[in-house]
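K.L.:
Just dropping this structure here.
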Amino acid sequence: MKILAIETATSACSAALLIDDEIKVEFKLAPREHTRLILPMVELLLQDADLKLTQLDAIAFSRGPGAFTGLRIATGVTQGLALAADLAVIPVSTLAAMAQSAYHLYGHSNVVAALDARIAEVYWGQYYNDNGIMKPSIAEQVCKPSETPLITIPDCCAVGSAWAEYAIELNERQGSQLSQVDSELNPSAEFIALLAVEDYQQQKWVDASEAQPIYLRDNVAQTIAERQKNA
Amino acid sequence: MLVLGIESSCDESAVALYDTKKGLLAHQLYSQVELHAEYGGVVPELASRDHIRKITPLIQGLLKEADLTLQQLDGIAYTAGPGLIGALMVGTCIGRSLALGLGIPAVAVHHMEGHLLAPMLETPQPQLPFIALLVSGGHTLLVEVKQIGEYKILGESLDDAAGEAFDKTAKMLGLGYPGGPAIAEKAKQGREGLYRFPRPMTNRPGVDFSFSGLKTFTLTTWQKSEQTEQDKADIALAFQTAVVDTLLIKCKRALKQTQCHNLVIAGGVGANTALREKLNTLDATVSFPRLEFCTDNGAMIAYAGSLRLAKGEHEEARITPKPRWPIADL
Ligand SMILES: Nc1ncnc2c1ncn2[C@@H]1O[C@H](COP(=O)(O)OP(=O)(O)OP(=O)(O)O)[C@@H](O)[C@H]1O
């Protein structure tokens with residue numbers, strides 16, 4: 001199985017190439033440089049593996065939640081490459097990839113991944129280990145730190161930028177269930193690729209034209225009618 | 001050479017196929033105008049969200065329409081700027097990645113060069129050299145085009161663009177968005193000669209424009225009126241006539257100053273019938289692109305891109321939107 005993965009949802013930028021049990025990764029913490037970095041990363045991975053895009057089975061991408069523009073970069077690049085080589089596309093949750101990363105780093109079976117969503121909100125997801133694959137235990141959501149779903153399982157690992165940005169509020173609400181916090185863990189294409197494997201085997205893929213970000217926050221502007229109602 | 005063009009600088013997702021031998025083969029467009037109308041203007045985030053939904057399906061539909069495959073493309077052109085950063089990002093991401101995947105060259109096109117060259121998509125093509133009047137939502141420019149790729153800006157707006165003036169004035173009069181067509185429609189019921197609006201910057205030399213004062217004048221006139229529907233129509237007409245007259249005077253000057261006899265019109269305001277009629281009275285050969293190529297479209301990007309690709313220009317494998325990209329940098 002050969003899967004290329006693209007991840008640009010936060011200030012990190014990465015691409016990964018999974019060939020059966022092996023994953024090669026290009027990763028850089030580079031705010032606002034994604035547009036310059038991502039395609040060369042893809043080229044390098046393919047070159048090193050001596051592969052053509054058309055020889056791949058699928059492209060996986062970090063579909064969000066995350067920074068809106070970042071999500072569209074990964075989505076746009078994925079659409080373009082997949083369309084060119086007629087490849088299946090596998091959208092993977094950014095938060096799930098972070099949880100998967102935490103599982104590999106720390107061996108934790110229960111992970112809460114939370115990203116700073118700006119305007120005093122967080123993107124929130126909870127995951128559990130199912131045979132080495134992190135699965136969601138609740139639906140991902142965007143909410144205020146003080147309204148995050150209460151974690152019911154003790155000894156959880158918390159990862160993602162929200163744990164630094166909203167440290168006080170989140171610790172007050174969830175701290176008692178946490179045994180580890182890593183607010184510097186960023187999503188990586190490595191775990192996007194890994195999580196895509198099962199979906200690929202189960203044929204949970206979409207066409208290039210159907211590859212879309214999941215923003216979670218959909219109310220981004222007020223219509224004239226809404227403004228008048230609120231005035 | 002077969003080129004795919006992608007436009008996504010503002011609120012239209014558009015694609016086209018241009019063949020350097022056969023000409024324009026197909027073009028498709030998805031307009032977000034209705035979406036943004038609900039908000040009273042373009043919401044950049046919503047524009048970006050629509051582009052990422054629409055562009056790839058548009059490309060697929062376009063190829064189907066032309067009965068061609070991606071593998072037959074020789075190059076890809078996309079609007080890199082100027083425009084909304086998030087919107088440009090989508091088109092450049094998809095365009096650049098698609099070219100990389102196909103192993104063909106890609107070229108970043110300047111949106112205004114696209115507009116400027118849109119009249120070249122018509123037969124007969126305008127003769128070079130020509131003067132281009134570029135009047136859109138974001139720009140008002142008079143450009144001397146000695147040859148393709150060589151642009152000298154003769155004049156530009158010091159404040160609002162002509163289309164912007166239409167849009168803002170329409171908003172003041174409660175005529176909705178986009179304002180250009182709304183004012184033109186309302187003006188049809190207007191009575192001529194009731195008002196005399198200023199023709200800004202026509203009583204001094206030069207071919208620069210300024211529309212902000214005219215907008216204020218219109219507002220004051222409207223506020224002083226009884227604000228009936230008839231007043232609205234009369235004022236819409238007076239405003240439109242003032243803009244058209246101003247553009248006419250400046251075009252005349254630009255032609256004279258450069259001793260050029262060809263004028264081409266481009267940009268959304270070029271769709272205005274009153275403007276077309278007035279400019280046709282000039283002692284010059286005046287060319288307009290068809291209405292759908294006045295506003296944003298993919299054909300002009302595919303065409304401008306094909307010329308640059310034919311000259312051997314291409315972009316490296318980087319995604320490079322340029323929201324602020326002066327046309328003088330070309
Ligand atoms: N019939 C008309 N009369 C006057 N103005 C018009 C007419 N039709 C469209 N317009 C104006 O044209 C503008 C849209 O043109 P266009 O799509 O070329 O510009 P844009 O994409 O907004 O700006 P730019 O191309 O500078 O980035 C709007 O301001 C609109 O009001």
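Going through the structure tokens in order, the chains are called A, B, and so on, while each chain numbers its residues from 1 and the ligands are numbered from 1 in the order shown.
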Quick check for you: according to DSSP on this backbone, which residues of chain A are classed as helix (DSSP H, G or I)? Reply as a PyMOL selection string.

P.N.:
chain A and resi 34-48+53-55+68-85+94-106+145-147+162-165+167-177+189-201+208-210+224-230

K.L.:
Give me, as an NGL selection string, the set of residues whose atoms come within 9 Å of any atom of ligand 1, counting only C-alpha atoms and all ligand atoms.

P.N.:
:B and (9-12 or 81-84 or 111-112 or 115 or 134-140 or 161-168 or 170 or 177-185 or 240 or 266-275 or 291 or 293-297)

K.L.:
By how many Å are atom CA of Ala97 of chain A and atom CA of Phe191 of chain A apart?

P.N.:
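Distance between the two atoms: 5.1 Å.
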
K.L.:
May I ask for the distance between atom CA of Arg308 of chain B and atom CA of Leu142 of chain B, given in Å to one decimal place?

P.N.:
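According to the coordinates, atom CA of Arg308 of chain B and atom CA of Leu142 of chain B are separated by 22.2 Å.
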
K.L.:
Give me the residues within 10 Å of Gly160 of chain A as a list in words, counting only C-alpha atoms and dropping any in the same chain fewer than 6 places off.

P.N.:
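So, after excluding close chain neighbours, the residues are Leu95, Met98, Ala99, Ala102, Val112, Ala113, Ala114, Leu115, Asp116, Val122, Tyr123, Trp124, Val181, Asp182, Ser183, Glu184, Leu185, Asn186 and Pro187 of chain A.
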
K.L.:
Just N, CA, C and O atoms for this one: save the residues we selected as a compact mmCIF listing (two decimals), in the first residue's frame.

P.N.:
```
# COMPACT_ATOMS: atom_id res chain seq x y z
N LEU A 95 -7.38 16.31 14.62
CA LEU A 95 -7.33 16.02 16.05
C LEU A 95 -7.02 14.54 16.29
O LEU A 95 -6.25 14.19 17.19
N MET A 98 -3.42 13.92 15.91
CA MET A 98 -2.67 14.36 17.09
C MET A 98 -2.77 13.31 18.21
O MET A 98 -1.80 13.02 18.89
N ALA A 99 -3.95 12.74 18.37
CA ALA A 99 -4.14 11.71 19.39
C ALA A 99 -3.29 10.48 19.06
O ALA A 99 -2.66 9.88 19.93
N ALA A 102 0.19 11.18 20.00
CA ALA A 102 0.38 11.09 21.45
C ALA A 102 0.48 9.63 21.88
O ALA A 102 1.28 9.27 22.74
N VAL A 112 -6.90 13.47 24.82
CA VAL A 112 -7.77 14.59 24.49
C VAL A 112 -6.94 15.55 23.65
O VAL A 112 -5.92 16.06 24.10
N ALA A 113 -7.36 15.78 22.42
CA ALA A 113 -6.62 16.71 21.55
C ALA A 113 -7.42 18.00 21.43
O ALA A 113 -8.63 17.96 21.17
N ALA A 114 -6.76 19.12 21.65
CA ALA A 114 -7.48 20.40 21.59
C ALA A 114 -6.59 21.47 20.97
O ALA A 114 -5.44 21.65 21.38
N LEU A 115 -7.13 22.14 19.98
CA LEU A 115 -6.38 23.21 19.30
C LEU A 115 -7.03 24.56 19.60
O LEU A 115 -8.26 24.65 19.75
N ASP A 116 -6.19 25.57 19.66
CA ASP A 116 -6.69 26.93 19.82
C ASP A 116 -7.52 27.28 18.59
O ASP A 116 -7.02 27.20 17.46
N VAL A 122 -12.03 26.56 21.52
CA VAL A 122 -11.10 25.48 21.19
C VAL A 122 -11.78 24.46 20.28
O VAL A 122 -12.99 24.30 20.32
N TYR A 123 -10.95 23.79 19.47
CA TYR A 123 -11.42 22.60 18.75
C TYR A 123 -11.10 21.43 19.65
O TYR A 123 -9.96 21.31 20.12
N TRP A 124 -12.07 20.58 19.87
CA TRP A 124 -11.95 19.59 20.93
C TRP A 124 -12.31 18.18 20.44
O TRP A 124 -13.33 18.00 19.76
N VAL A 181 0.30 16.51 29.99
CA VAL A 181 -0.12 17.56 29.06
C VAL A 181 1.06 17.91 28.15
O VAL A 181 2.16 18.13 28.62
N ASP A 182 0.81 17.88 26.84
CA ASP A 182 1.84 18.32 25.89
C ASP A 182 1.19 19.32 24.94
O ASP A 182 0.59 18.93 23.94
N SER A 183 1.33 20.59 25.28
CA SER A 183 0.66 21.61 24.47
C SER A 183 1.47 21.92 23.21
O SER A 183 1.02 22.66 22.35
N GLU A 184 2.65 21.37 23.12
CA GLU A 184 3.48 21.67 21.94
C GLU A 184 3.37 20.61 20.86
O GLU A 184 3.98 20.74 19.80
N LEU A 185 2.60 19.58 21.11
CA LEU A 185 2.46 18.55 20.08
C LEU A 185 1.65 19.10 18.90
O LEU A 185 0.55 19.61 19.07
N ASN A 186 2.23 19.02 17.74
CA ASN A 186 1.55 19.48 16.52
C ASN A 186 1.12 18.28 15.69
O ASN A 186 1.73 17.22 15.76
N PRO A 187 0.08 18.47 14.89
CA PRO A 187 -0.29 17.37 13.99
C PRO A 187 0.84 17.11 13.00
O PRO A 187 1.58 18.03 12.64
```

K.L.:
Looking only at strand (DSSP E or B) from DSSP on the backbone, list the matching residues of segment 50-299 of chain B as a compact mmCIF listing (two decimals) with N, CA and C atoms, in the first residue's frame.

P.N.:
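Below you can see states_23.txt, which holds the result:
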```txt
# COMPACT_ATOMS: atom_id res chain seq x y z
N GLY B 75 -0.24 23.00 -20.23
CA GLY B 75 0.14 23.93 -19.18
C GLY B 75 -1.07 24.40 -18.40
N ILE B 76 -0.81 24.96 -17.22
CA ILE B 76 -1.90 25.46 -16.39
C ILE B 76 -1.60 26.89 -15.97
N ALA B 77 -2.60 27.75 -16.09
CA ALA B 77 -2.45 29.15 -15.69
C ALA B 77 -3.47 29.44 -14.60
N TYR B 78 -3.05 30.17 -13.58
CA TYR B 78 -3.99 30.52 -12.52
C TYR B 78 -3.74 31.95 -12.09
N THR B 79 -4.80 32.61 -11.65
CA THR B 79 -4.68 33.96 -11.14
C THR B 79 -3.94 33.91 -9.81
N ALA B 80 -2.81 34.61 -9.73
CA ALA B 80 -2.05 34.63 -8.47
C ALA B 80 -2.31 35.92 -7.71
N GLY B 81 -2.86 36.93 -8.38
CA GLY B 81 -3.15 38.19 -7.71
C GLY B 81 -3.47 39.24 -8.75
N ALA B 106 3.42 25.42 -15.08
CA ALA B 106 2.35 26.26 -14.55
C ALA B 106 2.80 27.70 -14.60
N VAL B 107 1.84 28.61 -14.75
CA VAL B 107 2.22 30.01 -14.76
C VAL B 107 1.21 30.83 -13.95
N ALA B 108 1.75 31.78 -13.17
CA ALA B 108 0.91 32.65 -12.36
C ALA B 108 0.51 33.85 -13.19
N VAL B 109 -0.78 34.12 -13.26
CA VAL B 109 -1.26 35.22 -14.11
C VAL B 109 -1.74 36.39 -13.24
N HIS B 110 -1.42 37.60 -13.68
CA HIS B 110 -1.91 38.81 -13.04
C HIS B 110 -3.35 39.03 -13.48
N PHE B 130 -2.74 49.51 -28.32
CA PHE B 130 -4.02 50.05 -27.93
C PHE B 130 -3.99 50.65 -26.53
N ILE B 131 -5.01 51.44 -26.28
CA ILE B 131 -5.20 51.96 -24.93
C ILE B 131 -6.28 51.12 -24.30
N ALA B 132 -6.04 50.67 -23.07
CA ALA B 132 -7.06 49.87 -22.39
C ALA B 132 -7.63 50.67 -21.24
N LEU B 133 -8.96 50.72 -21.21
CA LEU B 133 -9.64 51.28 -20.06
C LEU B 133 -10.13 50.10 -19.23
N LEU B 134 -9.56 50.00 -18.04
CA LEU B 134 -9.87 48.88 -17.16
C LEU B 134 -10.72 49.37 -16.02
N VAL B 135 -11.97 49.02 -16.03
CA VAL B 135 -12.87 49.52 -15.00
C VAL B 135 -13.60 48.38 -14.31
N THR B 140 -9.47 51.12 -11.55
CA THR B 140 -9.80 52.01 -12.65
C THR B 140 -8.46 52.44 -13.23
N LEU B 141 -8.16 51.94 -14.40
CA LEU B 141 -6.84 52.18 -14.98
C LEU B 141 -6.96 52.54 -16.44
N LEU B 142 -6.08 53.42 -16.87
CA LEU B 142 -5.88 53.61 -18.30
C LEU B 142 -4.47 53.14 -18.59
N VAL B 143 -4.37 52.17 -19.46
CA VAL B 143 -3.08 51.53 -19.70
C VAL B 143 -2.74 51.60 -21.18
N GLU B 144 -1.50 51.95 -21.47
CA GLU B 144 -1.05 51.92 -22.86
C GLU B 144 -0.39 50.58 -23.10
N VAL B 145 -0.92 49.85 -24.07
CA VAL B 145 -0.36 48.54 -24.39
C VAL B 145 0.31 48.62 -25.74
N LYS B 146 1.65 48.71 -25.74
CA LYS B 146 2.38 48.78 -27.01
C LYS B 146 2.46 47.40 -27.61
N GLN B 147 2.79 46.45 -26.74
CA GLN B 147 2.67 45.06 -27.14
C GLN B 147 2.31 44.25 -25.91
N GLU B 150 3.78 44.48 -22.28
CA GLU B 150 4.41 45.78 -22.03
C GLU B 150 3.31 46.79 -21.71
N TYR B 151 3.16 47.07 -20.42
CA TYR B 151 2.05 47.89 -19.97
C TYR B 151 2.54 49.17 -19.32
N LYS B 152 2.03 50.28 -19.81
CA LYS B 152 2.38 51.55 -19.19
C LYS B 152 1.11 52.18 -18.63
N ILE B 153 1.12 52.40 -17.33
CA ILE B 153 -0.07 52.98 -16.71
C ILE B 153 -0.09 54.48 -16.96
N LEU B 154 -1.15 54.93 -17.62
CA LEU B 154 -1.27 56.36 -17.91
C LEU B 154 -2.00 57.08 -16.78
N GLY B 155 -2.98 56.41 -16.22
CA GLY B 155 -3.74 57.03 -15.15
C GLY B 155 -4.46 55.99 -14.34
N GLU B 156 -4.79 56.36 -13.10
CA GLU B 156 -5.54 55.42 -12.26
C GLU B 156 -6.38 56.19 -11.26
N SER B 157 -7.21 55.48 -10.53
CA SER B 157 -8.05 56.17 -9.55
C SER B 157 -7.26 56.46 -8.29
N PHE B 209 -8.15 59.43 -12.04
CA PHE B 209 -9.57 59.47 -11.68
C PHE B 209 -9.75 59.66 -10.18
N ASN B 262 -6.72 53.02 -31.08
CA ASN B 262 -7.46 51.83 -30.66
C ASN B 262 -7.70 51.88 -29.17
N LEU B 263 -8.96 51.65 -28.81
CA LEU B 263 -9.31 51.63 -27.39
C LEU B 263 -9.98 50.30 -27.08
N VAL B 264 -9.53 49.65 -26.03
CA VAL B 264 -10.25 48.45 -25.59
C VAL B 264 -10.76 48.67 -24.18
N ILE B 265 -11.92 48.08 -23.91
CA ILE B 265 -12.53 48.24 -22.59
C ILE B 265 -12.53 46.89 -21.90
N ALA B 266 -12.22 46.89 -20.64
CA ALA B 266 -12.24 45.63 -19.90
C ALA B 266 -12.68 45.88 -18.47
N THR B 285 -11.12 53.16 -32.94
CA THR B 285 -11.69 51.82 -33.00
C THR B 285 -11.84 51.31 -31.57
N VAL B 286 -13.08 51.10 -31.16
CA VAL B 286 -13.32 50.72 -29.77
C VAL B 286 -13.74 49.25 -29.71
N SER B 287 -13.04 48.47 -28.90
CA SER B 287 -13.39 47.04 -28.78
C SER B 287 -13.79 46.69 -27.36
```

K.L.:
Considering only C-alpha atoms, state which residue in the set A:Ile192, A:Ala164, A:Ala221, A:Cys143 is at the smallest distance from chain B.

P.N.:
A:Ala221

K.L.:
What residues in chain B lie within 10 Å of chain A, counting only C-alpha atoms, written as a PyMOL selection string?

P.N.:
chain B and resi 35-41+43-46+48-49+51-60+70-71+85-87+89-103+316-321

K.L.:
Extract, using only C-alpha atoms, all DNA, RNA and protein residues at most 9 Å from Ser137 of chain A, discarding same-chain residues fewer than 2 positions from it, and format them as an mmCIF file with N, CA, C and O atoms, in the first residue's frame.

P.N.:
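Generated file (selection-v5.cif):
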```cif
data_model
loop_
_atom_site.group_PDB
_atom_site.id
_atom_site.type_symbol
_atom_site.label_atom_id
_atom_site.label_comp_id
_atom_site.auth_asym_id
_atom_site.auth_seq_id
_atom_site.Cartn_x
_atom_site.Cartn_y
_atom_site.Cartn_z
ATOM 1 N N GLY A 125 -11.454 17.213 20.761
ATOM 2 C CA GLY A 125 -11.768 15.827 20.406
ATOM 3 C C GLY A 125 -11.198 14.871 21.444
ATOM 4 O O GLY A 125 -10.132 15.128 22.004
ATOM 5 N N GLN A 126 -11.917 13.787 21.737
ATOM 6 C CA GLN A 126 -11.438 12.779 22.695
ATOM 7 C C GLN A 126 -11.312 11.429 21.988
ATOM 8 O O GLN A 126 -12.199 11.038 21.228
ATOM 9 N N TYR A 127 -10.232 10.730 22.279
ATOM 10 C CA TYR A 127 -9.908 9.505 21.543
ATOM 11 C C TYR A 127 -9.493 8.377 22.480
ATOM 12 O O TYR A 127 -8.940 8.621 23.546
ATOM 13 N N TYR A 128 -9.791 7.145 22.042
ATOM 14 C CA TYR A 128 -9.350 5.969 22.819
ATOM 15 C C TYR A 128 -8.656 4.997 21.869
ATOM 16 O O TYR A 128 -8.872 5.018 20.654
ATOM 17 N N LYS A 135 -9.461 6.069 18.152
ATOM 18 C CA LYS A 135 -10.821 6.267 17.635
ATOM 19 C C LYS A 135 -11.539 7.335 18.463
ATOM 20 O O LYS A 135 -11.288 7.437 19.665
ATOM 21 N N ALA A 139 -18.049 13.180 19.444
ATOM 22 C CA ALA A 139 -17.921 13.941 18.198
ATOM 23 C C ALA A 139 -17.037 15.167 18.434
ATOM 24 O O ALA A 139 -17.119 15.795 19.483
#
```

K.L.:
Report the distance between atom CA of Gly312 of chain B and atom CA of Ile148 of chain B in Å, rounded to one decimal place.

P.N.:
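Computing the Euclidean distance for atom CA of Gly312 of chain B and atom CA of Ile148 of chain B yields 14.7 Å.
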
K.L.:
Can you pull out the residues contacting Val3 of chain B? Cut-off 10 Å, using only C-alpha atoms, and skip same-chain residues under 5 positions away; I want them as a list of chain:residue names.

P.N.:
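So the residues in contact are B:Ala16, B:Leu17, B:Tyr18, B:Asp19, B:Thr20, B:Leu24, B:Leu25, B:Gln72, B:Leu73, B:Asp74, B:Gly75, B:Ile76, B:Ala77, B:Pro105, B:Ala106, B:Ala299, B:Ile301, B:Ala302, B:Tyr303, B:Ala304, B:Gly305, B:Ser306, B:Leu307, B:Leu309.
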
K.L.:
Give me, as an MDAnalysis selection string, all polymer residues having an atom no more than 12 Å from Ala242 of chain B, counting only C-alpha atoms and skipping those fewer than 3 positions away in the same chain.

P.N.:
chainID B and resid 162 165:166 192:193 195:202 210:211 213:215 217:218 235:239 245:249 274:275 278

K.L.:
Could you list, as JSON, numbers by chain, every residue within 7 Å of Val89 of chain A, counting only C-alpha atoms and ignoring same-chain residues fewer than 2 positions away?

P.N.:
{"A": [58, 59, 60, 82, 87, 91, 205, 206, 207, 208, 211]}
